[in-house]
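Asks: Just entry05.cif, nothing more (mmCIF, C-alpha atoms and all ligand atoms):
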data_model
loop_
_atom_site.label_atom_id
_atom_site.label_comp_id
_atom_site.auth_asym_id
_atom_site.auth_seq_id
_atom_site.Cartn_x
_atom_site.Cartn_y
_atom_site.Cartn_z
CA MET G 1 -169.96 22.79 55.10
CA ASN G 2 -170.87 21.20 51.77
CA LYS G 3 -174.54 20.88 50.91
CA LYS G 4 -174.22 20.66 47.14
CA ASN G 5 -176.55 18.09 45.57
CA THR G 6 -178.61 17.94 48.75
CA ASN G 7 -182.05 19.13 49.51
CA ASP G 8 -181.75 19.75 53.18
CA TYR G 9 -181.65 23.46 53.98
CA PRO G 10 -183.97 23.97 56.93
CA PRO G 11 -186.96 26.30 56.44
CA VAL G 12 -185.94 29.98 56.67
CA ASN G 13 -188.08 30.60 59.77
CA GLN G 14 -186.36 27.73 61.60
CA MET G 15 -182.74 28.79 60.90
CA ASN G 16 -180.71 30.59 63.52
CA GLN G 17 -178.69 33.61 62.36
CA ASP G 18 -175.32 31.81 62.10
CA GLN G 19 -176.88 28.93 60.18
CA LYS G 20 -178.50 31.36 57.77
CA VAL G 21 -175.22 33.15 57.05
CA GLU G 22 -173.45 29.82 56.47
CA ILE G 23 -176.24 28.59 54.15
CA VAL G 24 -176.29 31.85 52.17
CA MET G 25 -172.51 31.62 51.65
CA ASP G 26 -172.85 27.99 50.61
CA ILE G 27 -175.66 28.73 48.15
CA PHE G 28 -173.95 31.60 46.35
CA SER G 29 -170.59 29.75 46.21
CA SER G 30 -172.31 26.77 44.59
CA ILE G 31 -174.48 28.53 41.97
CA THR G 32 -172.04 31.27 40.89
CA ASN G 33 -171.53 30.30 37.25
CA LYS G 34 -175.29 29.81 36.66
CA TYR G 35 -176.37 32.86 38.69
CA ASP G 36 -176.67 35.44 35.90
CA PHE G 37 -178.38 33.02 33.53
CA LEU G 38 -180.90 31.85 36.13
CA ASN G 39 -181.64 35.44 37.16
CA ARG G 40 -182.60 36.34 33.59
CA PHE G 41 -184.42 33.10 32.90
CA LEU G 42 -186.43 32.72 36.11
CA SER G 43 -187.47 36.40 36.23
CA LEU G 44 -188.28 36.42 32.48
CA ARG G 45 -185.60 39.13 32.14
CA GLN G 46 -187.50 41.42 34.52
CA ASP G 47 -184.38 41.64 36.73
CA LEU G 48 -182.73 43.75 34.00
CA LEU G 49 -185.61 46.26 34.11
CA TRP G 50 -185.57 46.37 37.93
CA ARG G 51 -181.86 47.22 38.06
CA LYS G 52 -182.32 49.77 35.23
CA LYS G 53 -185.07 51.50 37.21
CA THR G 54 -182.83 51.56 40.31
CA VAL G 55 -179.95 53.12 38.38
CA GLU G 56 -182.27 55.77 36.85
CA LYS G 57 -183.32 56.88 40.34
CA MET G 58 -179.75 57.42 41.61
CA GLN G 59 -178.71 60.99 42.35
CA PHE G 60 -175.00 61.78 42.51
CA PHE G 61 -174.17 65.21 43.90
CA LYS G 62 -170.83 65.41 45.74
CA SER G 63 -168.40 62.49 45.90
CA TYR G 64 -169.66 60.80 42.71
CA LYS G 65 -168.94 57.51 44.44
CA PHE G 66 -171.30 54.55 44.54
CA LEU G 67 -171.19 51.53 46.86
CA ASP G 68 -173.01 48.37 45.76
CA ILE G 69 -173.48 46.12 48.77
CA ALA G 70 -173.99 42.35 48.32
CA THR G 71 -172.94 43.05 44.75
CA GLY G 72 -172.81 39.38 43.69
CA THR G 73 -171.56 39.28 40.10
CA GLY G 74 -171.69 43.08 39.97
CA ASP G 75 -174.66 43.74 37.67
CA LEU G 76 -176.04 46.77 39.54
CA ALA G 77 -172.59 48.37 39.81
CA ILE G 78 -171.84 47.69 36.12
CA ASN G 79 -175.17 49.27 35.08
CA THR G 80 -174.46 52.26 37.33
CA VAL G 81 -171.06 53.14 35.88
CA ASN G 82 -172.38 52.60 32.35
CA SER G 83 -175.30 55.00 32.95
CA HIS G 84 -173.46 57.60 35.06
CA PRO G 85 -170.19 58.40 33.26
CA ASN G 86 -168.75 60.57 36.11
CA VAL G 87 -169.23 57.94 38.79
CA LYS G 88 -166.71 55.52 40.30
CA ALA G 89 -168.04 52.45 42.06
CA ILE G 90 -167.08 49.71 44.45
CA GLY G 91 -169.02 46.49 44.96
CA ILE G 92 -168.64 44.33 48.06
CA ASP G 93 -169.76 40.76 48.69
CA PHE G 94 -168.79 38.02 51.15
CA VAL G 95 -168.64 35.20 48.57
CA GLN G 96 -165.31 35.29 46.75
CA ASN G 97 -166.57 33.17 43.80
CA MET G 98 -169.23 35.79 42.99
CA ILE G 99 -166.67 38.61 43.20
CA ASP G 100 -164.19 36.80 40.92
CA TYR G 101 -166.91 36.10 38.37
CA GLY G 102 -168.04 39.75 38.47
CA ASN G 103 -164.49 41.12 38.17
CA ASP G 104 -164.00 39.03 35.00
CA LYS G 105 -167.12 40.68 33.50
CA ILE G 106 -165.77 44.12 34.49
CA LYS G 107 -162.42 43.38 32.83
CA ASP G 108 -164.18 42.19 29.66
CA GLN G 109 -166.10 45.48 29.53
CA ASN G 110 -162.97 47.60 30.14
CA LEU G 111 -164.48 49.12 33.26
CA LYS G 112 -161.71 48.23 35.71
CA HIS G 113 -160.57 51.87 36.09
CA ARG G 114 -164.04 52.87 37.35
CA LEU G 115 -165.32 49.79 39.13
CA ASP G 116 -163.83 47.15 41.40
CA LEU G 117 -165.48 44.32 43.34
CA LYS G 118 -163.95 43.36 46.69
CA TRP G 119 -164.63 41.02 49.58
CA GLY G 120 -166.70 42.75 52.26
CA ASP G 121 -169.43 42.08 54.81
CA ALA G 122 -172.62 44.13 54.60
CA THR G 123 -172.94 44.14 58.38
CA ASN G 124 -169.44 45.55 58.93
CA ILE G 125 -168.52 47.75 55.97
CA ASP G 126 -164.86 48.65 55.68
CA TYR G 127 -165.36 52.31 54.60
CA GLU G 128 -165.40 55.55 56.54
CA ASP G 129 -168.57 57.40 57.52
CA ASN G 130 -170.00 59.83 54.92
CA THR G 131 -168.17 58.48 51.86
CA PHE G 132 -170.70 57.69 49.14
CA ASP G 133 -173.38 59.75 47.36
CA VAL G 134 -175.35 56.55 46.84
CA THR G 135 -175.35 53.15 48.53
CA ALA G 136 -177.54 50.36 47.21
CA MET G 137 -178.31 46.71 47.70
CA ALA G 138 -180.10 44.58 45.08
CA PHE G 139 -181.59 41.28 46.25
CA GLY G 140 -179.23 41.18 49.21
CA ILE G 141 -181.14 42.33 52.30
CA ARG G 142 -183.44 39.28 52.19
CA ASN G 143 -180.37 37.11 52.81
CA ILE G 144 -179.05 39.08 55.78
CA PRO G 145 -180.39 38.03 59.19
CA ASP G 146 -179.38 41.27 60.96
CA LYS G 147 -181.16 43.68 58.61
CA VAL G 148 -181.00 46.60 61.03
CA LYS G 149 -177.21 46.32 61.30
CA ALA G 150 -176.81 46.17 57.51
CA LEU G 151 -179.16 49.13 56.94
CA ASN G 152 -177.35 51.18 59.58
CA GLU G 153 -174.06 50.42 57.85
CA MET G 154 -175.50 51.61 54.51
CA LYS G 155 -176.63 54.78 56.23
CA ARG G 156 -173.29 55.32 57.99
CA VAL G 157 -171.17 55.20 54.81
CA ALA G 158 -173.61 57.39 52.82
CA LEU G 159 -173.01 61.15 52.77
CA PRO G 160 -175.56 63.36 54.57
CA ASP G 161 -178.49 63.69 52.10
CA GLY G 162 -177.06 60.69 50.25
CA GLN G 163 -179.33 57.98 48.94
CA ILE G 164 -179.96 54.49 50.25
CA LEU G 165 -181.65 52.24 47.68
CA ILE G 166 -182.88 48.72 48.31
CA LEU G 167 -184.21 46.53 45.54
CA GLU G 168 -185.87 43.37 46.80
CA LEU G 169 -188.28 40.64 45.77
CA THR G 170 -191.61 40.96 47.53
CA THR G 171 -194.90 39.13 47.55
CA PRO G 172 -197.73 40.84 45.64
CA ASP G 173 -200.82 42.03 47.53
CA PRO G 174 -203.32 39.22 48.32
CA GLY G 175 -205.43 38.17 45.32
CA PHE G 176 -205.42 36.03 42.22
CA PHE G 177 -201.97 37.15 41.05
CA LYS G 178 -200.45 36.40 44.47
CA ASP G 179 -201.81 32.83 44.25
CA ILE G 180 -200.30 32.34 40.80
CA TYR G 181 -197.00 33.83 41.93
CA SER G 182 -196.87 31.60 45.05
CA PHE G 183 -197.45 28.57 42.84
CA TYR G 184 -194.63 29.69 40.53
CA LEU G 185 -192.24 30.40 43.41
CA ASN G 186 -192.89 27.30 45.50
CA GLY G 187 -193.99 24.78 42.89
CA LEU G 188 -192.47 25.59 39.52
CA LEU G 189 -189.28 27.55 40.15
CA PRO G 190 -187.33 24.96 42.19
CA LYS G 191 -188.23 22.30 39.57
CA ILE G 192 -187.00 24.47 36.69
CA ALA G 193 -183.84 25.37 38.60
CA LYS G 194 -183.17 21.63 39.05
CA TRP G 195 -182.43 21.34 35.32
CA PHE G 196 -179.69 23.93 35.47
CA THR G 197 -177.94 23.83 38.82
CA THR G 198 -176.31 21.19 40.98
CA ASN G 199 -177.91 22.87 43.98
CA PRO G 200 -181.70 23.03 43.41
CA ALA G 201 -182.24 23.45 47.17
CA ALA G 202 -180.90 26.96 46.65
CA TYR G 203 -184.09 27.81 44.77
CA GLU G 204 -186.30 26.31 47.46
CA TYR G 205 -184.46 28.61 49.85
CA LEU G 206 -185.14 31.51 47.42
CA ALA G 207 -188.90 30.91 47.48
CA ASP G 208 -188.92 30.46 51.24
CA SER G 209 -186.86 33.60 51.85
CA ILE G 210 -189.20 35.72 49.69
CA MET G 211 -192.30 34.44 51.49
CA ASN G 212 -190.66 35.22 54.86
CA PHE G 213 -189.47 38.74 53.95
CA PRO G 214 -191.21 41.71 55.66
CA THR G 215 -194.18 43.19 53.79
CA ARG G 216 -193.78 46.55 52.04
CA SER G 217 -195.22 48.49 54.98
CA GLU G 218 -193.16 46.53 57.54
CA PHE G 219 -189.99 47.25 55.58
CA ILE G 220 -190.85 50.96 55.29
CA SER G 221 -191.24 51.02 59.11
CA LEU G 222 -187.80 49.42 59.44
CA LEU G 223 -186.23 52.11 57.22
CA ASP G 224 -188.04 54.75 59.25
CA SER G 225 -186.85 53.22 62.54
CA ILE G 226 -183.19 53.73 61.60
CA GLY G 227 -183.83 57.42 60.92
CA LEU G 228 -183.94 57.54 57.12
CA ARG G 229 -185.96 60.33 55.42
CA ASN G 230 -188.08 60.69 52.26
CA ILE G 231 -188.83 56.96 52.20
CA LYS G 232 -190.57 55.75 49.06
CA ALA G 233 -191.53 52.25 47.94
CA ILE G 234 -192.05 51.68 44.22
CA PRO G 235 -193.72 48.34 43.36
CA LEU G 236 -192.40 46.81 40.13
CA SER G 237 -193.85 44.08 37.88
CA LEU G 238 -197.19 43.78 39.71
CA GLY G 239 -195.46 43.95 43.08
CA ILE G 240 -193.14 40.95 42.80
CA CYS G 241 -190.27 43.35 43.32
CA THR G 242 -190.05 46.64 45.21
CA LEU G 243 -187.58 49.49 44.95
CA TYR G 244 -187.19 51.34 48.27
CA ILE G 245 -185.55 54.76 48.11
CA ALA G 246 -184.58 56.91 51.09
CA ASN G 247 -182.16 59.66 52.11
CA LYS G 248 -179.78 59.94 55.05
C1 LIG M 301 -179.23 37.31 45.28
S1 LIG M 301 -177.56 37.80 45.25
C2 LIG M 301 -177.66 39.46 44.63
C3 LIG M 301 -176.48 39.84 43.79
C4 LIG M 301 -176.57 41.17 43.06
N1 LIG M 301 -176.74 42.27 43.96
C5 LIG M 301 -177.63 41.17 42.00
O1 LIG M 301 -178.32 42.18 41.83
O2 LIG M 301 -177.76 40.18 41.27
C6 LIG M 301 -177.24 38.05 46.96
C7 LIG M 301 -175.78 38.30 47.27
O3 LIG M 301 -175.69 38.77 48.61
C8 LIG M 301 -174.47 38.33 49.15
N2 LIG M 301 -174.53 38.49 50.60
C9 LIG M 301 -175.44 37.97 51.45
N3 LIG M 301 -175.17 38.36 52.73
C10 LIG M 301 -174.08 39.17 52.67
C11 LIG M 301 -173.33 39.89 53.63
N4 LIG M 301 -173.63 39.86 54.94
N5 LIG M 301 -172.29 40.62 53.20
C12 LIG M 301 -171.95 40.67 51.90
N6 LIG M 301 -172.60 39.99 50.94
C13 LIG M 301 -173.67 39.25 51.30
C14 LIG M 301 -174.38 36.90 48.62
O4 LIG M 301 -173.07 36.41 48.70
C15 LIG M 301 -174.87 37.07 47.18
O5 LIG M 301 -173.82 37.30 46.29
#
Just give me the structure as structure tokens.

Replies:
Amino acid sequence: MNKKNTNDYPPVNQMNQDQKVEIVMDIFSSITNKYDFLNRFLSLRQDLLWRKKTVEKMQFFKSYKFLDIATGTGDLAINTVNSHPNVKAIGIDFVQNMIDYGNDKIKDQNLKHRLDLKWGDATNIDYEDNTFDVTAMAFGIRNIPDKVKALNEMKRVALPDGQILILELTTPDPGFFKDIYSFYLNGLLPKIAKWFTTNPAAYEYLADSIMNFPTRSEFISLLDSIGLRNIKAIPLSLGICTLYIANK
């Protein structure tokens, strides 16, 4: 499938699960070398603060191992090993271009002995039960059709009492700011992205996928339904992002 330079991803709520997976793979393979830049630029560098907050909340207590799921170019895993000197980390992603790009960054920062990015599917994680003190996913769950399967996998590979952290873009509560944000997401952002990427449709998909993501309370119910404990949701930057924290 090659949709580069096209504008024809169907709306998120009309995609079937297989189509969504194929489109997500296509998007991240086609925007890899602009991904980090566009993250910083389009979020006005807020993404750096959101990952920093996530890393600050991590609690390592037994294996000192961290699994970053849907790691992309590895930013969350890189921040984690830089902030927690005793921790070793693995990042998994199902788009090889993103992994290769991330592994180059890791080599440049001399972190290879503590962090490696590998191919892996969030819905079928290739690690044993009860392995990691902390598992996390930043901006990944929105792109995964079978969220329950992916969350159960995060839970399975976490140690008992281990942490499951999810960082995800959310829509702010109804009001003036939500209207401005919707205009930015749906009107402005895809136009800005057009200047920088050969696949601007990827940023229409981004807006659409955020608007179609469960609300904060719906997502908390989902975490509760898979048996996680101590669930907290921390709104960030006026609610355009939320950090969910829970324990196994
Ligand atoms: C928006 S990026 C987030 C990357 C990174 N976590 C960050 O903080 O910038 C989403 C990533 O999720 C990956 N992804 C989506 N579904 C996946 C799945 N089922 N298994 C593994 N990776 C997946 C994509 O390939 C992409 O690299």

Asks: For a quick check of your reading of the model, name the residues lying within 12 Å of the coordinate (-184.7, 33.2, 62.5), counting all atoms listed in the file, and write them as JSON, numbers by chain.

Replies: {"G": [10, 11, 12, 13, 14, 15, 16, 17, 18, 19, 20, 21, 143, 144, 145, 146, 147, 209, 212, 213]}

Asks: May I have the residues from that selection written out with C-alpha atoms, as a compact mmCIF listing (two decimals), in the coordinates of the input?

Replies:
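Saved file result-v5.txt follows:
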# COMPACT_ATOMS: atom_id res chain seq x y z
CA PRO G 10 -183.97 23.97 56.93
CA PRO G 11 -186.96 26.30 56.44
CA VAL G 12 -185.94 29.98 56.67
CA ASN G 13 -188.08 30.60 59.77
CA GLN G 14 -186.36 27.73 61.60
CA MET G 15 -182.74 28.79 60.90
CA ASN G 16 -180.71 30.59 63.52
CA GLN G 17 -178.69 33.61 62.36
CA ASP G 18 -175.32 31.81 62.10
CA GLN G 19 -176.88 28.93 60.18
CA LYS G 20 -178.50 31.36 57.77
CA VAL G 21 -175.22 33.15 57.05
CA ASN G 143 -180.37 37.11 52.81
CA ILE G 144 -179.05 39.08 55.78
CA PRO G 145 -180.39 38.03 59.19
CA ASP G 146 -179.38 41.27 60.96
CA LYS G 147 -181.16 43.68 58.61
CA SER G 209 -186.86 33.60 51.85
CA ASN G 212 -190.66 35.22 54.86
CA PHE G 213 -189.47 38.74 53.95

Asks: Between G:Met58, G:Ile220, G:Ile92, G:Ile141, which residue has the minimum interatomic distance to Asn79 of chain G, considering all atoms listed in the file?

Replies: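 Smallest separation from Asn79 of chain G among the options: G:Met58.
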
Asks: Skip Lys62 of chain G itself and residues of its chain fewer than 4 positions away, then list as a ChimeraX atom specification all residues within 9 Å of it, counting only C-alpha atoms.

Replies: /G:132-133,159

Asks: Please list as number ranges by chain every residue within 8 Å of Ile231 of chain G, counting all atoms listed in the file and excluding residues in the same chain fewer than 6 positions away.

Replies: G: 220, 223-224, 244-247

Asks: Write out as a PyMOL selection string the residues lying within 12 Å of Asn86 of chain G, counting all atoms listed in the file and excluding same-chain residues fewer than 3 positions away.

Replies: chain G and resi 59-66+80-83+89+113-115

Asks: Convert the current residue selection to file output with C-alpha atoms, as an mmCIF file, in the coordinates of the input.

Replies:
data_model
loop_
_atom_site.group_PDB
_atom_site.id
_atom_site.type_symbol
_atom_site.label_atom_id
_atom_site.label_comp_id
_atom_site.auth_asym_id
_atom_site.auth_seq_id
_atom_site.Cartn_x
_atom_site.Cartn_y
_atom_site.Cartn_z
ATOM 1 C CA GLN G 59 -178.710 60.990 42.350
ATOM 2 C CA PHE G 60 -175.000 61.780 42.510
ATOM 3 C CA PHE G 61 -174.170 65.210 43.900
ATOM 4 C CA LYS G 62 -170.830 65.410 45.740
ATOM 5 C CA SER G 63 -168.400 62.490 45.900
ATOM 6 C CA TYR G 64 -169.660 60.800 42.710
ATOM 7 C CA LYS G 65 -168.940 57.510 44.440
ATOM 8 C CA PHE G 66 -171.300 54.550 44.540
ATOM 9 C CA THR G 80 -174.460 52.260 37.330
ATOM 10 C CA VAL G 81 -171.060 53.140 35.880
ATOM 11 C CA ASN G 82 -172.380 52.600 32.350
ATOM 12 C CA SER G 83 -175.300 55.000 32.950
ATOM 13 C CA ALA G 89 -168.040 52.450 42.060
ATOM 14 C CA HIS G 113 -160.570 51.870 36.090
ATOM 15 C CA ARG G 114 -164.040 52.870 37.350
ATOM 16 C CA LEU G 115 -165.320 49.790 39.130
#
